[in-house]
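Just below is one structure, and these are the notes that go with it.
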Amino acid sequence: MIQLLAADGTRTPHAELDEVLAGRGGEDDLASPQRLRGYYRDMVMIRAADLEATSLQRQGQLGLWASALGQEAAQIGAGHASREQDYLVPTYREHGIAWARGIEPWRLLESYRGVSHGGWDPNELRTHPYMIVLGSQAPHAVGYAMGLQRDGVVGTGDPETDTAVLALFGDGASSEGEVSESFTFAASFDAPVVFFTQNNQWAISVPTSVQSRVPLAQRSRGWGIPSVRVDGNDVLAILAAVREALDAARAGEGPRFIEAVTYRMAAHTTSDDTSRYRPSSEEEEWAEKDPILRLRRHLEQLEEIDEAFIARCDEEAHDLAMALHHHIHGMEDPDPVGMFTHAYAEPHPIVEAEREQYLDYIAQFEDEGDDVGRDDAAEQKGELA
Amino acid sequence: MSSTNLPIAKAITAGLRDALRADDKVLLMGEDIGVLGGVFRVTDGLHAEFGSQRVVDTPLAEAGIVGTSVGLAVRGYRPVVEIQFDGFVYPAFNQITTQVAKMHNRTNGTVHMPIVIRIPHGGGIGAIEHHSESPEALFAHTAGLRILAPSNAQDAYWMTRQAIECEDPVIMLEPKKRYWVKGDVDPDQRPELSPWQAEVVRPGTDATLLAWGPSMPLALESAEAAAEDGIELEVIDARSLAPVDYPTIAASVRRTGRLLITHEAPVLGGLGAEIAARLTEECFYHLEAPVIRVGGYHLPYPPARMEHAYLPDLDRVLDGVDRLLEH
Ligand SMILES: Cc1ncc(C[n+]2csc(CCOP(=O)(O)OP(=O)(O)O)c2C)c(N)n1
């Protein structure tokens, strides 16, 4: 397993990956103290947003929340390893990826609140929608990568042009047939795609050990897709391994696979109960390997971090959490008529007729000077409460 | 250029060729569609003309074929996917229903899914298991999808073109039993009828007979046979199965007062059931009889030596007409 930062923050040298971090092509040093502090801040921010989302769920503001606690290094590292032009294909827990892409956390919360199914423009943000049907997005990633090949933006040698796709899915999702089919397509067509699995040890209550007899990193090798196993709580190792793999994919060297070994510190979602299936000792053991703490220790060893910086990050994180809180509390439910808007791109007589029907139906209540349907619903909720 | 006489399969080939020429974002994907030209030779010659980046022989993975076409569509391509036989679309069912159908909606309309999924459709060819199915209701029930079912060469050509031009995903059900039946095609004259409209193909006064795709010859044959007994059936080719063109069908039912629907798919939960319910609602006071359906039984599609008993035929349709006129 590749590791550049030990749990106590000690840096282990790695001939090849250190070169990647240093920026082979004369780019910025990805491990410069300034960058390291940036990753630290990002992880602190995303953790705060995550914890706030959990409490918003507890306050009834979100229907559900899938926390990424503990996976910050894997996500921030992979997110920053990609280039501006790369296309990222996440699952439903990739809040750090979204953050690294500049997607505001409140946009992620919208789907968990139930006001939209995602709603962003994938091409504008170069990020596919969050995906709920496990593994379904993996072939999309390969197809997009096949599009890149046809667009002539692979292997040109120009770092501003060459583009790749980063496809993310969980250890459990890797059991889905579509992930295997994606390996087949990626290998068949040499598609510029990097598959990135966060092995957070659990797929709800089923441990990775049940789903795979070998380390996940070995799986893609049956397809001839090179792979590495990386410490997922080590932001530097992730950054280096993903950057290296994406560089190869962009250069036209075909697909790669990365297993990031990490841990889901929180429950699967706010509906889950970890005490039924995993010992708290396991959670305590992994808390020792916390990705944020690890980077902080490393920065301390470099004497590149001080109390003032840490306090500033914490303050910013608090502000973000508060902003999120106010944003969500102030969020209006969308007008249900909007349901009818984007089922089809072209006019559809049946959807249009049903929309008219719905408008006529609710108009009856407006004529009575009141929204009777809504009052009934509110009353029912009151009775239940 | 005036019209040419082409078999349905070749009309589709011509439609694909012209679409590939018209827009370099169009690409074909499927199993054996390249050098072989597809198991039905529908893509014959296209690989030679457009090369393997535009006419892609894929691995044997239907979910992969449809799933990668989703990614290509996000990237701005217009993939046309061939499924070898109707019974092999099910491995891709997840991608079609949860991804292809919903991506536009999921992204608040920012992404279009101009994907065409071509499926050789229907039975009566003496094939082995899984080569003769009629899954239209499964897809018609899924919002976000459109379904076209050409029954003649002209529609086969133009629906291919129009499905590829459509910004929504379209499932093209190709009547495989009739691939080699010829008809006139005019590739220069865009038809006035929209692909989403049904067509009254034979006027009549006593009852409306609705069919589509592979059942159209049977519907016309039934109308001729009925005419010999003095019964004038108005025959409608539904053409689009999602959306169904209810106004055209309802107008006919208001004229004739009676409706018979025939399709190969099982009657239970079939598209005929939906159309019957809708027409009953819309035309209740014009109906002189309940809507009658003649279709497949609630059975797995039977082995070839029994399919003649499973599929609607002239006698079963005429028996349905008798029941319709009894009222
Ligand atoms: C096709 C499908 N089956 C089942 C589910 C329900 N489900 C949601 S998450 C999950 C476990 C996923 O585990 P993993 O892939 O390891 O990702 P993680 O949640 O650990 O990040 C399951 C079974 C689903 N979303 N999609």
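Residue numbering restarts at 1 for every chain of the structure tokens, chains are lettered A, B, ... in their displayed order, and ligands are numbered from 1 as they appear.
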If we count only C-alpha atoms and set the cut-off at 8 Å, which residues sit around segment 339-348 of chain A, ignoring sequence neighbours fewer than 3 positions away in its own chain? Please answer as number ranges by chain. A: 336, 351-352, 355; B: 102, 104-105, 108-109, 112, 143-144, 166-168, 243
I want to know what sits within 10 Å of segment 125-138 of chain B, based on only C-alpha atoms, with residues of the same chain fewer than 4 positions away left out; could you give that as a PyMOL selection string? chain B and resi 84-90+93+97+119-121+142+147-149+171-173+176-178+214+241-242+263-266+269-274+296+300-308
List the spatial neighbours of Val116 of chain B as a ChimeraX atom specification - criterion: any atom at most 8 Å away, only C-alpha atoms, same-chain residues fewer than 6 positions off excluded. /B:78-81,163-164,169-172
Closest atom pairs, residues of chain A within 8 Å of ligand 1, only C-alpha atoms and all ligand atoms, as a Markdown table:
| residue | atom | partner | partner_atom_place_in_ligand_line | distance |
| --- | --- | --- | --- | --- |
| A:Ala66 | CA | ligand 1 | 19 (O) | 7.8 |
| A:Ala68 | CA | ligand 1 | 21 (O) | 7.9 |
| A:Thr91 | CA | ligand 1 | 21 (O) | 7.8 |
| A:Tyr92 | CA | ligand 1 | 21 (O) | 7.7 |
| A:Arg93 | CA | ligand 1 | 21 (O) | 6.0 |
| A:Ile132 | CA | ligand 1 | 25 (N) | 4.8 |
| A:Val133 | CA | ligand 1 | 26 (N) | 3.9 |
| A:Leu134 | CA | ligand 1 | 26 (N) | 4.1 |
| A:Gly135 | CA | ligand 1 | 1 (C) | 7.0 |
| A:Ser136 | CA | ligand 1 | 1 (C) | 7.6 |
| A:Phe169 | CA | ligand 1 | 15 (O) | 6.1 |
| A:Gly170 | CA | ligand 1 | 15 (O) | 3.4 |
| A:Asp171 | CA | ligand 1 | 16 (O) | 4.0 |
| A:Gly172 | CA | ligand 1 | 15 (O) | 3.4 |
| A:Ala173 | CA | ligand 1 | 15 (O) | 3.7 |
| A:Ser174 | CA | ligand 1 | 15 (O) | 6.5 |
| A:Glu176 | CA | ligand 1 | 1 (C) | 7.4 |
| A:Gln198 | CA | ligand 1 | 21 (O) | 7.1 |
| A:Asn199 | CA | ligand 1 | 16 (O) | 6.5 |
| A:Asn200 | CA | ligand 1 | 20 (O) | 5.6 |
| A:Gln201 | CA | ligand 1 | 16 (O) | 7.0 |
| A:Trp202 | CA | ligand 1 | 20 (O) | 5.2 |
| A:Ala203 | CA | ligand 1 | 13 (O) | 3.3 |
| A:Ile204 | CA | ligand 1 | 11 (C) | 4.8 |
| A:Thr208 | CA | ligand 1 | 16 (O) | 7.4 |
| A:Arg264 | CA | ligand 1 | 20 (O) | 6.8 |
| A:His268 | CA | ligand 1 | 19 (O) | 5.8 |
Closest-contact table, chain A side, partner chain B, 6 Å, counting only C-alpha atoms, as JSON lines:
{"residue": "A:His117", "atom": "CA", "partner": "B:Arg106", "partner_atom": "CA", "distance": 5.1}
{"residue": "A:Gly118", "atom": "CA", "partner": "B:Arg106", "partner_atom": "CA", "distance": 5.9}
{"residue": "A:Gly119", "atom": "CA", "partner": "B:Thr107", "partner_atom": "CA", "distance": 4.1}
{"residue": "A:Trp120", "atom": "CA", "partner": "B:Thr107", "partner_atom": "CA", "distance": 5.5}
{"residue": "A:Asp121", "atom": "CA", "partner": "B:Thr110", "partner_atom": "CA", "distance": 5.3}
{"residue": "A:Pro139", "atom": "CA", "partner": "B:Gly67", "partner_atom": "CA", "distance": 4.7}
{"residue": "A:His140", "atom": "CA", "partner": "B:Gly71", "partner_atom": "CA", "distance": 3.9}
{"residue": "A:Ala141", "atom": "CA", "partner": "B:Gly71", "partner_atom": "CA", "distance": 5.8}
{"residue": "A:Val142", "atom": "CA", "partner": "B:Thr68", "partner_atom": "CA", "distance": 5.8}
{"residue": "A:Gly143", "atom": "CA", "partner": "B:Thr68", "partner_atom": "CA", "distance": 3.7}
{"residue": "A:Tyr144", "atom": "CA", "partner": "B:Gly71", "partner_atom": "CA", "distance": 4.1}
{"residue": "A:Gly147", "atom": "CA", "partner": "B:Leu72", "partner_atom": "CA", "distance": 5.3}
{"residue": "A:Glu181", "atom": "CA", "partner": "B:Gly64", "partner_atom": "CA", "distance": 5.4}
{"residue": "A:His342", "atom": "CA", "partner": "B:Asn105", "partner_atom": "CA", "distance": 4.9}
{"residue": "A:Ala343", "atom": "CA", "partner": "B:Asn105", "partner_atom": "CA", "distance": 5.2}
{"residue": "A:Tyr344", "atom": "CA", "partner": "B:Gly144", "partner_atom": "CA", "distance": 5.7}
{"residue": "A:Ala345", "atom": "CA", "partner": "B:Asp168", "partner_atom": "CA", "distance": 5.8}
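Using only C-alpha atoms, the contacts of Leu299 of chain A at a cut-off of 9 Å, with sequence neighbours closer than 6 positions omitted, comprise Gly9, Pro33, Leu36, Arg37, Ile305 and Asp306 of chain A.
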Spatial neighbours of Ala227 of chain B, 12 Å, only C-alpha atoms, chain gap at least 3 places, as a ChimeraX atom specification: /B:202-207,220-224,230-235,318,321
What are the DSSP strand (DSSP E or B) residues of segment 101-237 of chain B, as a PyMOL selection string? chain B and resi 116-121+146-148+170-175+182-185+199-202+207-211+233-237
Export C-alpha atoms of the chosen residues as a PDB file, in the first residue's frame?
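Written out: selection_11.pdb:
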ATOM      1  CA  VAL B 116     -31.473   5.945 -30.089  1.00  0.00           C
ATOM      2  CA  ILE B 117     -31.804   2.334 -29.007  1.00  0.00           C
ATOM      3  CA  ARG B 118     -32.661   0.128 -31.964  1.00  0.00           C
ATOM      4  CA  ILE B 119     -34.300  -3.159 -31.106  1.00  0.00           C
ATOM      5  CA  PRO B 120     -35.396  -5.815 -33.620  1.00  0.00           C
ATOM      6  CA  HIS B 121     -38.890  -6.442 -32.382  1.00  0.00           C
ATOM      7  CA  ARG B 146     -39.997   7.773 -26.459  1.00  0.00           C
ATOM      8  CA  ILE B 147     -40.804   4.743 -28.586  1.00  0.00           C
ATOM      9  CA  LEU B 148     -41.238   4.556 -32.342  1.00  0.00           C
ATOM     10  CA  VAL B 170     -35.891   7.079 -28.498  1.00  0.00           C
ATOM     11  CA  ILE B 171     -36.389   3.333 -28.569  1.00  0.00           C
ATOM     12  CA  MET B 172     -36.867   2.176 -32.148  1.00  0.00           C
ATOM     13  CA  LEU B 173     -38.724  -1.089 -32.382  1.00  0.00           C
ATOM     14  CA  GLU B 174     -37.910  -2.565 -35.772  1.00  0.00           C
ATOM     15  CA  PRO B 175     -40.317  -5.196 -37.105  1.00  0.00           C
ATOM     16  CA  LYS B 182     -39.991  -3.749 -49.648  1.00  0.00           C
ATOM     17  CA  GLY B 183     -41.667  -0.397 -49.914  1.00  0.00           C
ATOM     18  CA  ASP B 184     -41.177   3.017 -51.469  1.00  0.00           C
ATOM     19  CA  VAL B 185     -38.879   5.399 -49.648  1.00  0.00           C
ATOM     20  CA  GLU B 199     -51.755   7.358 -39.237  1.00  0.00           C
ATOM     21  CA  VAL B 200     -55.128   6.256 -40.477  1.00  0.00           C
ATOM     22  CA  VAL B 201     -53.999   3.802 -43.125  1.00  0.00           C
ATOM     23  CA  ARG B 202     -57.411   2.543 -44.192  1.00  0.00           C
ATOM     24  CA  ALA B 207     -64.934  -0.147 -35.981  1.00  0.00           C
ATOM     25  CA  THR B 208     -61.380   1.095 -35.457  1.00  0.00           C
ATOM     26  CA  LEU B 209     -58.568  -1.436 -35.565  1.00  0.00           C
ATOM     27  CA  LEU B 210     -55.351  -0.191 -33.961  1.00  0.00           C
ATOM     28  CA  ALA B 211     -52.006  -1.917 -34.420  1.00  0.00           C
ATOM     29  CA  LEU B 233     -62.719  -1.429 -40.348  1.00  0.00           C
ATOM     30  CA  GLU B 234     -60.760   1.781 -39.991  1.00  0.00           C
ATOM     31  CA  VAL B 235     -57.126   0.734 -39.577  1.00  0.00           C
ATOM     32  CA  ILE B 236     -54.701   2.919 -37.640  1.00  0.00           C
ATOM     33  CA  ASP B 237     -50.957   2.467 -37.457  1.00  0.00           C
TER      34      ASP B 237
END
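Counting only C-alpha atoms, Gln75 of chain A has the following residues at most 9 Å away, ignoring those fewer than 5 positions along the same chain: Met43, Ala68, His80, Glu94, His95, Gly96, Ile97, Ala98, Trp99, Ala100, Gln198, Gly232, Val235 and Ile238 of chain A.
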